[in-house]
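Data block for coords_11.cif (mmCIF, C-alpha atoms and all ligand atoms):
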```cif
data_start
loop_
_atom_site.label_atom_id
_atom_site.label_comp_id
_atom_site.auth_asym_id
_atom_site.auth_seq_id
_atom_site.Cartn_x
_atom_site.Cartn_y
_atom_site.Cartn_z
CA MET A 8 27.10 -2.18 -4.37
CA LYS A 9 27.97 -5.78 -5.17
CA LEU A 10 25.31 -8.36 -5.58
CA VAL A 11 26.98 -11.45 -6.88
CA ASN A 12 27.64 -12.79 -3.41
CA PHE A 13 24.26 -11.94 -2.07
CA LYS A 14 22.96 -14.66 0.18
CA GLY A 15 19.52 -13.23 0.90
CA ILE A 16 16.72 -15.07 2.58
CA TYR A 17 14.66 -17.71 0.90
CA PRO A 18 10.96 -17.60 1.63
CA PHE A 19 10.63 -19.53 4.82
CA THR A 20 6.90 -20.11 4.62
CA LYS A 21 5.10 -21.70 1.75
CA LYS A 22 4.47 -18.99 -0.77
CA MET A 23 0.84 -18.03 -1.38
CA SER A 24 -0.47 -20.11 -4.23
CA VAL A 25 -0.48 -18.33 -7.57
CA GLY A 26 -3.26 -20.63 -8.69
CA ILE A 27 -5.88 -18.73 -6.70
CA ASP A 28 -7.87 -16.02 -8.45
CA ILE A 29 -8.78 -12.75 -6.73
CA THR A 30 -11.85 -12.92 -4.48
CA PRO A 31 -13.95 -9.74 -4.33
CA MET A 32 -15.02 -8.85 -0.81
CA ARG A 33 -18.79 -8.78 -0.29
CA PRO A 34 -20.46 -5.37 0.24
CA MET A 35 -20.32 -4.03 3.79
CA GLU A 36 -22.72 -1.72 5.60
CA PHE A 37 -20.12 0.93 6.46
CA TYR A 38 -16.89 2.17 4.90
CA ASN A 39 -14.48 4.42 6.74
CA VAL A 40 -12.30 5.90 4.02
CA PRO A 41 -8.92 7.33 5.12
CA LEU A 42 -7.92 10.59 3.43
CA LYS A 43 -4.19 10.25 3.95
CA ILE A 44 -1.71 7.85 2.38
CA LYS A 45 1.89 7.29 3.45
CA ASN A 46 1.73 9.84 6.27
CA ILE A 47 2.44 12.87 4.07
CA ALA A 48 0.01 12.64 1.16
CA GLU A 49 -3.06 14.28 2.68
CA SER A 50 -6.31 15.13 0.90
CA GLU A 51 -9.12 17.46 1.89
CA PRO A 52 -12.76 16.34 1.76
CA VAL A 53 -14.97 17.81 -0.97
CA VAL A 54 -18.15 16.16 0.36
CA ARG A 55 -20.17 17.09 3.42
CA VAL A 56 -22.02 15.09 6.04
CA GLY A 57 -25.42 14.13 4.60
CA ASP A 58 -24.28 14.07 0.94
CA GLU A 59 -25.39 11.16 -1.23
CA VAL A 60 -22.50 9.58 -3.15
CA LYS A 61 -22.05 6.88 -5.77
CA GLN A 62 -19.17 4.52 -6.23
CA GLY A 63 -16.61 6.74 -8.01
CA THR A 64 -17.83 10.07 -6.56
CA LEU A 65 -14.86 12.26 -5.61
CA LEU A 66 -14.60 12.37 -1.81
CA ALA A 67 -11.37 14.32 -1.38
CA LYS A 68 -8.71 16.05 -3.42
CA PRO A 69 -5.10 17.10 -2.73
CA SER A 70 -4.69 19.86 -0.17
CA GLY A 71 -0.98 20.27 -0.82
CA ASN A 72 1.61 19.02 -3.25
CA PHE A 73 1.35 15.37 -2.29
CA GLY A 74 -2.34 14.55 -1.92
CA LEU A 75 -4.45 12.23 -3.97
CA ASN A 76 -7.93 12.21 -5.50
CA ILE A 77 -9.86 9.80 -3.30
CA TYR A 78 -13.14 8.33 -4.55
CA SER A 79 -16.09 6.71 -2.84
CA PRO A 80 -15.85 2.92 -2.83
CA VAL A 81 -19.63 2.50 -2.63
CA SER A 82 -22.96 4.24 -3.22
CA GLY A 83 -24.47 5.60 -0.04
CA LYS A 84 -24.63 8.51 2.36
CA VAL A 85 -21.82 10.41 4.09
CA LEU A 86 -22.51 9.92 7.81
CA ASN A 87 -19.46 11.60 9.31
CA ILE A 88 -16.05 13.11 8.62
CA PHE A 89 -13.69 12.69 11.53
CA SER A 90 -10.10 11.86 12.47
CA LYS A 91 -8.81 8.55 13.72
CA THR A 92 -5.87 6.18 13.45
CA THR A 93 -4.89 4.72 10.09
CA LEU A 94 -3.26 1.42 9.26
CA ASN A 95 0.01 3.37 8.82
CA GLY A 96 -0.22 4.33 12.49
CA ASP A 97 -0.92 7.92 11.54
CA TYR A 98 -3.88 10.06 12.63
CA ALA A 99 -5.98 11.33 9.70
CA LYS A 100 -9.41 12.39 8.52
CA HIS A 101 -11.78 9.64 7.41
CA VAL A 102 -15.09 9.83 5.54
CA LEU A 103 -17.67 7.43 7.00
CA ILE A 104 -20.15 6.21 4.36
CA MET A 105 -23.25 4.06 4.90
CA ASN A 106 -23.89 1.74 1.95
CA ASN A 107 -27.39 2.22 0.42
CA ASN A 108 -27.03 -1.04 -1.54
CA LYS A 109 -28.14 0.66 -4.77
CA ASN A 110 -24.82 -0.16 -6.48
CA GLU A 111 -24.84 3.14 -8.36
CA SER A 112 -21.55 4.20 -9.85
CA VAL A 113 -20.05 7.08 -11.76
CA ASP A 114 -17.03 6.86 -14.07
CA LEU A 115 -14.33 9.29 -15.10
CA PRO A 116 -14.92 11.02 -18.45
CA GLU A 117 -13.62 9.22 -21.56
CA ILE A 118 -10.17 10.32 -22.70
CA GLU A 119 -9.72 11.32 -26.32
CA SER A 120 -6.16 10.14 -26.90
CA VAL A 121 -3.37 8.20 -25.25
CA SER A 122 -0.79 10.95 -25.58
CA ASP A 123 1.68 11.36 -22.72
CA VAL A 124 -0.01 14.51 -21.35
CA THR A 125 -3.49 12.98 -21.44
CA LEU A 126 -2.24 9.84 -19.76
CA ILE A 127 -0.42 11.74 -16.99
CA ASN A 128 -3.64 13.67 -16.33
CA ARG A 129 -5.52 10.36 -16.20
CA ILE A 130 -3.01 9.00 -13.67
CA ARG A 131 -3.64 12.06 -11.48
CA ASP A 132 -7.42 12.15 -11.94
CA ALA A 133 -7.93 8.43 -11.32
CA GLY A 134 -5.99 8.56 -8.04
CA LEU A 135 -3.34 6.02 -9.03
CA ILE A 136 -0.86 5.19 -6.28
CA ASP A 137 2.71 4.11 -6.94
CA THR A 138 2.72 0.54 -5.67
CA ILE A 139 6.46 0.74 -4.89
CA SER A 140 6.64 3.97 -2.84
CA GLY A 141 2.98 4.34 -1.85
CA MET A 142 3.00 7.94 -3.11
CA PRO A 143 0.66 9.37 -5.78
CA THR A 144 1.90 8.07 -9.15
CA TYR A 145 1.48 11.41 -10.96
CA LEU A 146 4.30 12.89 -8.88
CA LYS A 147 6.71 10.59 -10.72
CA TYR A 148 5.69 11.60 -14.22
CA ALA A 149 4.37 15.16 -14.00
CA TYR A 150 7.62 16.83 -12.90
CA VAL A 151 10.47 15.37 -14.92
CA GLY A 152 12.19 18.77 -15.38
CA GLY A 153 13.86 18.18 -18.74
CA ARG A 154 15.05 14.69 -17.83
CA SER A 155 13.64 11.57 -19.49
CA TYR A 156 12.91 7.95 -18.78
CA LYS A 157 14.64 5.39 -20.96
CA THR A 158 13.70 2.15 -19.26
CA VAL A 159 10.40 0.97 -17.82
CA ILE A 160 10.74 -2.02 -15.50
CA ILE A 161 7.53 -3.85 -14.65
CA MET A 162 7.75 -6.13 -11.62
CA MET A 163 5.43 -9.03 -12.47
CA ASP A 164 6.18 -11.02 -9.36
CA SER A 165 7.38 -10.56 -5.81
CA THR A 166 10.14 -12.00 -3.67
CA ASP A 167 8.05 -11.26 -0.58
CA PRO A 168 6.85 -14.63 0.76
CA ASN A 169 3.56 -13.11 1.92
CA ASN A 170 2.56 -11.22 -1.21
CA SER A 171 1.33 -12.70 -4.49
CA ILE A 172 -0.62 -9.76 -5.94
CA ASN A 173 1.55 -9.19 -9.00
CA GLN A 174 1.84 -12.77 -10.13
CA THR A 175 -1.90 -13.32 -9.63
CA LEU A 176 -2.70 -10.32 -11.84
CA ALA A 177 -0.14 -11.45 -14.42
CA GLU A 178 -1.86 -14.85 -14.43
CA TYR A 179 -5.53 -13.81 -14.46
CA LYS A 180 -5.55 -10.26 -15.83
CA THR A 181 -2.79 -10.63 -18.41
CA GLU A 182 -4.42 -8.42 -21.05
CA GLU A 183 -5.02 -5.51 -18.67
CA VAL A 184 -1.51 -5.75 -17.24
CA ILE A 185 0.29 -5.68 -20.60
CA ASN A 186 -2.01 -2.89 -21.88
CA GLY A 187 -1.24 -0.88 -18.76
CA ALA A 188 2.48 -1.45 -19.38
CA LYS A 189 2.01 0.00 -22.86
CA TYR A 190 0.46 3.14 -21.37
CA PHE A 191 3.46 3.55 -19.06
CA VAL A 192 5.70 3.30 -22.14
CA ASN A 193 3.60 6.08 -23.75
CA VAL A 194 3.86 8.25 -20.63
CA THR A 195 7.63 7.91 -20.45
CA SER A 196 8.49 7.75 -24.18
CA ALA A 197 10.81 4.90 -23.18
CA SER A 198 11.89 2.70 -26.05
CA ALA A 199 11.17 -0.61 -24.36
CA VAL A 200 9.74 -2.30 -21.34
CA THR A 201 11.33 -5.05 -19.26
CA PHE A 202 9.00 -7.47 -17.48
CA VAL A 203 10.69 -9.00 -14.44
CA PHE A 204 9.76 -12.35 -12.89
CA THR A 205 11.39 -14.48 -10.25
CA GLU A 206 12.92 -17.72 -11.43
CA ALA A 207 10.09 -19.53 -9.63
CA ASN A 208 7.63 -18.18 -12.21
CA ARG A 209 9.20 -19.09 -15.56
CA LYS A 210 5.95 -20.72 -16.72
CA LEU A 211 4.01 -17.55 -16.02
CA ALA A 212 6.63 -15.51 -17.89
CA ALA A 213 6.26 -17.81 -20.90
CA LYS A 214 2.50 -17.33 -20.79
CA VAL A 215 2.84 -13.53 -20.71
CA LYS A 216 5.38 -13.60 -23.55
CA LYS A 217 3.09 -15.77 -25.68
CA HIS A 218 0.16 -13.47 -24.98
CA ILE A 219 2.11 -10.40 -26.11
CA LEU A 220 3.28 -12.12 -29.28
CA ASP A 221 -0.14 -13.66 -30.08
CA THR A 222 -1.96 -10.38 -29.65
CA LYS A 223 0.74 -8.51 -31.65
CA LYS A 224 1.18 -5.74 -29.12
CA ASN A 225 2.98 -2.90 -30.72
CA TYR A 226 5.96 -2.53 -28.41
CA ASP A 227 9.41 -3.87 -27.71
CA PHE A 228 9.71 -5.86 -24.58
CA LYS A 229 12.20 -8.01 -22.72
CA ILE A 230 11.68 -10.58 -20.03
CA LYS A 231 14.23 -10.92 -17.25
CA PHE A 232 14.46 -13.16 -14.23
CA ILE A 233 15.78 -12.55 -10.75
CA PRO A 234 16.40 -15.13 -8.01
CA ASN A 235 13.42 -15.79 -5.76
CA LYS A 236 15.12 -14.36 -2.69
CA TYR A 237 13.74 -11.65 -0.47
CA PRO A 238 14.34 -8.66 -0.91
CA LEU A 239 15.81 -8.72 -4.43
CA ASP A 240 12.82 -6.84 -5.81
CA ASN A 241 13.69 -3.81 -3.70
CA PRO A 242 13.99 -0.96 -6.27
CA TYR A 243 17.66 -0.21 -5.46
CA ILE A 244 18.66 -3.85 -5.86
CA LEU A 245 16.34 -4.49 -8.80
CA THR A 246 17.79 -1.70 -10.96
CA ASN A 247 21.25 -3.10 -10.35
CA LEU A 248 20.16 -6.64 -11.23
CA VAL A 249 18.11 -5.67 -14.29
CA CYS A 250 19.96 -2.65 -15.71
CA GLY A 251 23.36 -2.88 -14.04
CA LYS A 252 22.84 0.60 -12.56
CA LYS A 253 23.67 1.44 -8.99
CA ILE A 254 21.39 4.07 -7.56
CA LYS A 255 22.26 5.44 -4.15
CA GLN A 256 19.60 5.69 -1.46
CA GLY A 257 17.92 9.06 -1.72
CA SER A 258 19.04 9.54 -5.34
CA SER A 259 16.51 9.84 -8.12
CA PHE A 260 15.57 6.94 -10.37
CA LEU A 261 14.61 9.57 -12.92
CA ASP A 262 18.23 10.81 -13.02
CA ALA A 263 19.16 7.27 -14.07
CA GLY A 264 16.32 7.25 -16.65
CA ILE A 265 14.61 4.32 -14.93
CA THR A 266 11.08 3.90 -13.67
CA ILE A 267 9.77 0.84 -11.87
CA GLU A 268 6.11 -0.13 -11.96
CA SER A 269 4.30 -3.32 -11.03
CA ALA A 270 1.69 -5.59 -12.58
CA GLU A 271 -0.80 -4.06 -10.15
CA ALA A 272 0.03 -0.50 -11.23
CA CYS A 273 -0.39 -1.54 -14.88
CA TYR A 274 -3.74 -3.17 -14.11
CA ASN A 275 -5.02 -0.03 -12.36
CA PHE A 276 -3.74 2.19 -15.17
CA CYS A 277 -5.46 0.07 -17.81
CA ARG A 278 -8.77 0.23 -15.92
CA ALA A 279 -8.46 4.00 -15.61
CA VAL A 280 -7.75 4.44 -19.33
CA GLU A 281 -9.94 1.79 -20.96
CA PHE A 282 -12.81 1.54 -18.47
CA ASN A 283 -12.63 5.07 -16.95
CA LYS A 284 -12.47 3.62 -13.45
CA PRO A 285 -10.88 5.59 -10.62
CA VAL A 286 -9.07 3.59 -7.95
CA THR A 287 -11.55 2.64 -5.22
CA SER A 288 -10.24 -0.71 -4.06
CA LYS A 289 -7.03 -2.59 -3.34
CA ILE A 290 -5.94 -6.15 -3.94
CA VAL A 291 -4.53 -7.50 -0.69
CA THR A 292 -2.80 -10.84 -0.05
CA ILE A 293 -4.00 -12.31 3.24
CA ASP A 294 -1.90 -14.99 4.83
CA GLY A 295 -1.04 -16.42 8.22
CA ASN A 296 -1.90 -19.35 10.46
CA ASN A 297 -4.92 -17.63 11.97
CA VAL A 298 -6.69 -17.18 8.61
CA ILE A 299 -9.23 -19.76 7.46
CA ARG A 300 -9.48 -18.59 3.83
CA LYS A 301 -6.07 -17.33 2.74
CA GLY A 302 -5.81 -15.71 -0.65
CA ASN A 303 -5.88 -12.53 -2.67
CA TYR A 304 -8.89 -10.32 -2.00
CA LEU A 305 -10.24 -7.29 -3.80
CA ILE A 306 -11.12 -5.03 -0.88
CA GLN A 307 -12.91 -1.69 -1.15
CA ASN A 308 -11.10 1.30 0.34
CA GLY A 309 -12.28 1.86 3.92
CA VAL A 310 -13.37 -1.68 4.88
CA SER A 311 -12.70 -2.19 8.58
CA ILE A 312 -10.35 -4.87 9.86
CA GLU A 313 -13.27 -6.22 11.94
CA ASN A 314 -15.40 -6.72 8.79
CA LEU A 315 -12.45 -8.26 7.01
CA TYR A 316 -11.97 -10.80 9.83
CA ASP A 317 -15.62 -11.87 9.44
CA PHE A 318 -15.21 -12.34 5.70
CA ILE A 319 -11.93 -14.25 5.55
CA GLY A 320 -12.61 -16.29 8.68
CA VAL A 321 -10.30 -16.14 11.67
CA GLU A 322 -9.66 -19.29 13.66
CA ASP A 323 -9.12 -17.65 16.98
CA LYS A 324 -10.88 -14.33 16.94
CA GLU A 325 -11.38 -13.76 20.62
CA THR A 326 -7.90 -14.17 22.02
CA SER A 327 -6.84 -13.32 18.54
CA SER A 328 -4.35 -12.51 16.84
CA VAL A 329 -1.72 -10.15 15.84
CA LEU A 330 -2.25 -8.46 12.54
CA ILE A 331 0.91 -7.71 10.63
CA GLU A 332 0.81 -5.25 7.77
CA GLY A 333 3.55 -6.15 5.33
CA ASN A 334 5.74 -9.23 5.64
CA VAL A 335 7.08 -11.00 8.68
CA MET A 336 10.55 -9.55 8.17
CA ALA A 337 9.62 -5.89 8.03
CA GLY A 338 5.87 -5.59 8.72
CA LYS A 339 4.14 -3.62 11.43
CA ALA A 340 2.07 -5.36 14.11
CA HIS A 341 -1.39 -4.00 14.97
CA TYR A 342 -3.77 -4.88 17.77
CA ASN A 343 -6.48 -2.31 17.00
CA ARG A 344 -9.34 -3.60 14.83
CA ASP A 345 -10.92 -0.17 14.47
CA ILE A 346 -8.75 0.67 11.50
CA SER A 347 -9.50 0.51 7.80
CA ILE A 348 -7.94 -1.07 4.76
CA SER A 349 -6.44 1.66 2.62
CA LEU A 350 -5.23 1.94 -0.96
CA THR A 351 -1.64 1.25 0.15
CA THR A 352 -2.36 -2.01 1.99
CA ASP A 353 -0.49 -4.81 0.19
CA SER A 354 -0.43 -7.78 2.46
CA LEU A 355 -1.78 -8.73 5.85
CA ILE A 356 -0.70 -11.63 8.01
CA LEU A 357 -2.82 -12.85 10.89
CA GLN A 358 -0.82 -14.77 13.40
CA LYS A 359 -2.12 -16.53 16.46
CA TYR A 360 -1.06 -14.71 19.56
CA ASP A 361 1.17 -17.53 20.76
CA GLU A 362 3.09 -17.43 17.46
CA TYR A 363 4.04 -13.86 18.07
CA ASP A 364 7.24 -13.57 20.01
CA GLU A 365 7.44 -10.47 22.14
CA SER A 366 10.38 -11.72 24.13
CA LYS A 367 13.03 -9.22 25.03
CA GLU A 368 16.24 -8.94 23.12
CA TYR A 369 19.46 -10.52 24.33
CA PRO A 370 23.09 -9.42 24.04
CA CYS A 371 24.73 -9.91 20.66
CA ILE A 372 26.62 -13.19 20.44
CA SER A 373 28.72 -12.04 17.45
CA CYS A 374 27.48 -14.87 15.26
CA GLY A 375 27.71 -12.74 12.11
CA LYS A 376 24.37 -13.94 10.71
CA CYS A 377 22.97 -10.42 10.31
CA ALA A 378 25.91 -9.34 8.15
CA ALA A 379 25.71 -12.55 6.14
CA VAL A 380 22.13 -11.90 5.04
CA CYS A 381 22.24 -8.12 4.59
CA PRO A 382 21.54 -7.45 0.89
CA MET A 383 23.32 -4.09 1.11
CA PHE A 384 26.48 -5.63 2.55
CA LEU A 385 26.27 -3.69 5.80
CA ASN A 386 27.29 -4.87 9.21
CA PRO A 387 24.05 -4.48 11.19
CA SER A 388 25.48 -5.47 14.58
CA GLN A 389 28.26 -2.87 14.28
CA ILE A 390 25.82 -0.13 13.25
CA ASP A 391 23.55 -1.12 16.14
CA ASN A 392 26.43 -0.95 18.56
CA ALA A 393 27.60 2.42 17.24
CA TYR A 394 24.07 3.79 17.61
CA LEU A 395 23.59 2.47 21.14
CA THR A 396 26.93 3.94 22.23
CA GLU A 397 26.19 7.24 20.43
CA ARG A 398 29.22 7.02 18.13
CA PHE A 399 27.49 8.90 15.35
CA ASP A 400 30.59 9.36 13.16
CA GLU A 401 31.02 5.62 13.23
CA ILE A 402 27.44 5.19 11.98
CA SER A 403 28.40 7.13 8.85
CA LYS A 404 31.59 5.16 8.35
CA LEU A 405 29.48 2.03 8.45
CA ASN A 406 27.19 3.41 5.68
CA ALA A 407 23.98 3.12 7.67
CA HIS A 408 22.23 5.36 5.11
CA ALA A 409 22.32 2.47 2.62
CA CYS A 410 19.98 0.33 4.75
CA ILE A 411 16.75 -0.46 2.87
CA GLU A 412 14.95 -1.53 6.08
CA CYS A 413 14.22 -4.98 4.69
CA GLY A 414 14.25 -6.60 8.14
CA CYS A 415 16.43 -9.58 7.16
CA CYS A 416 18.95 -8.84 9.94
CA SER A 417 16.37 -8.73 12.74
CA PHE A 418 14.62 -11.78 11.34
CA ILE A 419 17.75 -13.93 11.33
CA CYS A 420 19.21 -12.69 14.62
CA PRO A 421 19.24 -15.44 17.29
CA ALA A 422 19.52 -12.79 20.02
CA ARG A 423 16.29 -11.16 18.72
CA ARG A 424 17.93 -7.78 18.58
CA TYR A 425 15.83 -4.89 17.28
CA LEU A 426 18.35 -4.18 14.57
CA THR A 427 16.10 -2.86 11.79
CA GLN A 428 14.24 -0.44 14.03
CA ARG A 429 17.44 1.05 15.45
CA ILE A 430 19.28 1.14 12.13
CA ALA A 431 16.29 2.95 10.59
CA THR A 432 16.78 5.65 13.23
CA ALA A 433 20.58 5.56 12.95
CA LYS A 434 20.48 6.20 9.22
CA HIS A 435 18.84 9.58 9.82
CA TYR A 436 21.93 10.59 11.82
CA ASP A 437 24.06 9.31 8.97
CA ARG A 438 22.12 11.43 6.46
CA LYS A 439 22.49 14.47 8.71
CA ASN A 440 26.23 13.88 8.94
CA ARG A 441 26.36 13.73 5.16
CA GLY A 442 24.48 17.03 4.90
CA GLY A 443 21.22 15.49 3.68
CA SER A 444 17.73 15.94 5.05
CA ASN A 445 16.63 14.12 8.09
CA GLY A 446 13.64 12.65 6.39
S1 LIG B 1 17.34 -3.94 7.49
FE1 LIG B 1 19.10 -2.76 6.69
S2 LIG B 1 20.86 -3.51 7.83
FE2 LIG B 1 19.20 -5.01 8.13
S3 LIG B 1 19.54 -6.54 6.52
FE3 LIG B 1 18.12 -5.03 5.66
S4 LIG B 1 19.42 -3.55 4.59
FE4 LIG B 1 20.75 -4.73 5.96
S1 LIG B 2 22.75 -11.79 14.15
FE1 LIG B 2 22.31 -10.86 16.15
S2 LIG B 2 23.62 -12.01 17.56
FE2 LIG B 2 24.39 -12.43 15.50
S3 LIG B 2 26.00 -10.85 15.14
FE3 LIG B 2 24.09 -10.02 14.36
S4 LIG B 2 23.26 -8.82 16.10
FE4 LIG B 2 24.79 -10.21 16.94
#
```
Let me see the structure of the file written as structure tokens.
Amino acid sequence: MKLVNFKGIYPFTKKMSVGIDITPMRPMEFYNVPLKIKNIAESEPVVRVGDEVKQGTLLAKPSGNFGLNIYSPVSGKVLNIFSKTTLNGDYAKHVLIMNNNKNESVDLPEIESVSDVTLINRIRDAGLIDTISGMPTYLKYAYVGGRSYKTVIIMMDSTDPNNSINQTLAEYKTEEVINGAKYFVNVTSASAVTFVFTEANRKLAAKVKKHILDTKKNYDFKIKFIPNKYPLDNPYILTNLVCGKKIKQGSSFLDAGITIESAEACYNFCRAVEFNKPVTSKIVTIDGNNVIRKGNYLIQNGVSIENLYDFIGVEDKETSSVLIEGNVMAGKAHYNRDISISLTTDSLILQKYDEYDESKEYPCISCGKCAAVCPMFLNPSQIDNAYLTERFDEISKLNAHACIECGCCSFICPARRYLTQRIATAKHYDRKNRGGSNG
């Protein structure tokens, strides 16, 4: 993989201001807490209809290898447990809780040491979610099988134009973030940590560096910068930029001795260790031309999109709007408001309906723009063509498996071709051809 010639895509909208602190969402009457994250990590309820719960009461625990401890975001009564659609587009059990407005909470027990084993147990018990993959964090650290991590990379920023969670936490919760980074160093026994910022945030990096030096934190750290171009913070590209290591899609970061965390993961880890708080809420960047109060919000798990609209203010609610989860290059559009915020929701964009272009795709005009912006140096139009004409061997020759589904090709394409969606499907054929799983 070469990166030196990478053209990438500059943020095309004004980036969310880093100078805005995180706004906590006001309490709601009902919370509909999804019990499944990332389609495969399912948990089984441990409460029953009619139970009284507090904020921090365990609602569900893993039913298989991939589940997560899920805690109540509020004190109240369990009204129902039923299945419905999630923000991921999946169908999963939810626990419906009515807020009793007593604000009662329960914490995790204190931990006695910050040894690696104790900390890994705390990661599991607190329900920490890997902010990069959306999977339970303990899966990364509990099963290392004789291998070891040498490098911890902490992404303190984002190249995503619609997401400013990490830089906001680095700015306003600096102490918690760098303490959480220290706990990740303990978990991994890595010798050092590298904090990564985009070049747009050099001032913030200087502030973090000064804070670490002033408070005499007992660990080695480096600060590195990457260009502020989407999607250079993708884990496969980031490890190449920061460590000079090329990791193939589907290969293990652990094999390379590298783990990537984020400022948000560090913040959650610190709260779990120092304040005994399980994860019950998510910081979400809300952006888009249909939003009256854009910003970063602390949103309790299970808040409905309808309640969120009321809180942030939506200019055109009736004819409304298309809700995009993720960024405009690779996000998913939703029309259903009867879905809940979950612990993997990062950013939401509310567009006015007339901004959303549902026009059909046109024939490729061979302009070459998709290949010019592809960060993995693929030729998206050729892969697309091979897929549409069912030349599956050709798909492999064109290395479709290396696609990171960043969406840059579809975004730039003047013919509005659905390149990312089809290449995402094509790469499964490529993996099959190479003898890998079709997952
Ligand atoms: S979605 Fe895949 S093919 Fe398209 S630009 Fe991104 S990496 Fe390249
Ligand atoms: S950007 Fe679109 S029109 Fe241009 S070569 Fe790629 S697929 Fe064809």
Of A:Cys410, A:Ile136, A:Ala272, A:Leu66, the one nearest to Gly257 of chain A when counting all atoms listed in the file is A:Cys410
Which residues sit within 12 Å of ligand LIG 1 (chain B), counting only C-alpha atoms and all ligand atoms, listed as a PyMOL selection string? chain A and resi 8+13-16+237-239+241+243-244+256+336-338+375-391+402+405-420+424-434
Residue subset to file, keeping C-alpha atoms, as an mmCIF file, keeping the file's coordinate frame:
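Output file out.cif is given in full below:
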```cif
data_model
loop_
_atom_site.group_PDB
_atom_site.id
_atom_site.type_symbol
_atom_site.label_atom_id
_atom_site.label_comp_id
_atom_site.auth_asym_id
_atom_site.auth_seq_id
_atom_site.Cartn_x
_atom_site.Cartn_y
_atom_site.Cartn_z
ATOM 1 C CA MET A 8 27.100 -2.180 -4.370
ATOM 2 C CA PHE A 13 24.260 -11.940 -2.070
ATOM 3 C CA LYS A 14 22.960 -14.660 0.180
ATOM 4 C CA GLY A 15 19.520 -13.230 0.900
ATOM 5 C CA ILE A 16 16.720 -15.070 2.580
ATOM 6 C CA TYR A 237 13.740 -11.650 -0.470
ATOM 7 C CA PRO A 238 14.340 -8.660 -0.910
ATOM 8 C CA LEU A 239 15.810 -8.720 -4.430
ATOM 9 C CA ASN A 241 13.690 -3.810 -3.700
ATOM 10 C CA TYR A 243 17.660 -0.210 -5.460
ATOM 11 C CA ILE A 244 18.660 -3.850 -5.860
ATOM 12 C CA GLN A 256 19.600 5.690 -1.460
ATOM 13 C CA MET A 336 10.550 -9.550 8.170
ATOM 14 C CA ALA A 337 9.620 -5.890 8.030
ATOM 15 C CA GLY A 338 5.870 -5.590 8.720
ATOM 16 C CA GLY A 375 27.710 -12.740 12.110
ATOM 17 C CA LYS A 376 24.370 -13.940 10.710
ATOM 18 C CA CYS A 377 22.970 -10.420 10.310
ATOM 19 C CA ALA A 378 25.910 -9.340 8.150
ATOM 20 C CA ALA A 379 25.710 -12.550 6.140
ATOM 21 C CA VAL A 380 22.130 -11.900 5.040
ATOM 22 C CA CYS A 381 22.240 -8.120 4.590
ATOM 23 C CA PRO A 382 21.540 -7.450 0.890
ATOM 24 C CA MET A 383 23.320 -4.090 1.110
ATOM 25 C CA PHE A 384 26.480 -5.630 2.550
ATOM 26 C CA LEU A 385 26.270 -3.690 5.800
ATOM 27 C CA ASN A 386 27.290 -4.870 9.210
ATOM 28 C CA PRO A 387 24.050 -4.480 11.190
ATOM 29 C CA SER A 388 25.480 -5.470 14.580
ATOM 30 C CA GLN A 389 28.260 -2.870 14.280
ATOM 31 C CA ILE A 390 25.820 -0.130 13.250
ATOM 32 C CA ASP A 391 23.550 -1.120 16.140
ATOM 33 C CA ILE A 402 27.440 5.190 11.980
ATOM 34 C CA LEU A 405 29.480 2.030 8.450
ATOM 35 C CA ASN A 406 27.190 3.410 5.680
ATOM 36 C CA ALA A 407 23.980 3.120 7.670
ATOM 37 C CA HIS A 408 22.230 5.360 5.110
ATOM 38 C CA ALA A 409 22.320 2.470 2.620
ATOM 39 C CA CYS A 410 19.980 0.330 4.750
ATOM 40 C CA ILE A 411 16.750 -0.460 2.870
ATOM 41 C CA GLU A 412 14.950 -1.530 6.080
ATOM 42 C CA CYS A 413 14.220 -4.980 4.690
ATOM 43 C CA GLY A 414 14.250 -6.600 8.140
ATOM 44 C CA CYS A 415 16.430 -9.580 7.160
ATOM 45 C CA CYS A 416 18.950 -8.840 9.940
ATOM 46 C CA SER A 417 16.370 -8.730 12.740
ATOM 47 C CA PHE A 418 14.620 -11.780 11.340
ATOM 48 C CA ILE A 419 17.750 -13.930 11.330
ATOM 49 C CA CYS A 420 19.210 -12.690 14.620
ATOM 50 C CA ARG A 424 17.930 -7.780 18.580
ATOM 51 C CA TYR A 425 15.830 -4.890 17.280
ATOM 52 C CA LEU A 426 18.350 -4.180 14.570
ATOM 53 C CA THR A 427 16.100 -2.860 11.790
ATOM 54 C CA GLN A 428 14.240 -0.440 14.030
ATOM 55 C CA ARG A 429 17.440 1.050 15.450
ATOM 56 C CA ILE A 430 19.280 1.140 12.130
ATOM 57 C CA ALA A 431 16.290 2.950 10.590
ATOM 58 C CA THR A 432 16.780 5.650 13.230
ATOM 59 C CA ALA A 433 20.580 5.560 12.950
ATOM 60 C CA LYS A 434 20.480 6.200 9.220
#
```
Within 9 Å of Ser165 of chain A using all atoms listed in the file, minus same-chain residues under 6 positions, as a PyMOL selection string: chain A and resi 171-174+204-205+235+237-240
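Residues in contact with Val40 of chain A at 10 Å, where only C-alpha atoms are counted and same-chain residues fewer than 2 positions away are skipped, are listed as Phe37, Tyr38, Leu42, Lys43, Leu66, Ile77, Tyr78, Ser79, Pro80, Ile88, Thr93, Lys100, His101, Val102, Leu103, Ile104, Thr287, Gln307, Asn308, Gly309, Val310, Ser311, Ile346, Ser347, Ile348, Ser349 and Leu350 of chain A.
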Do a neighbour search on segment 211-224 of chain A at 7 Å with all atoms listed in the file, toss out local chain neighbours closer than 3 positions, and write the hits as a ChimeraX atom specification. /A:178,181,204,208
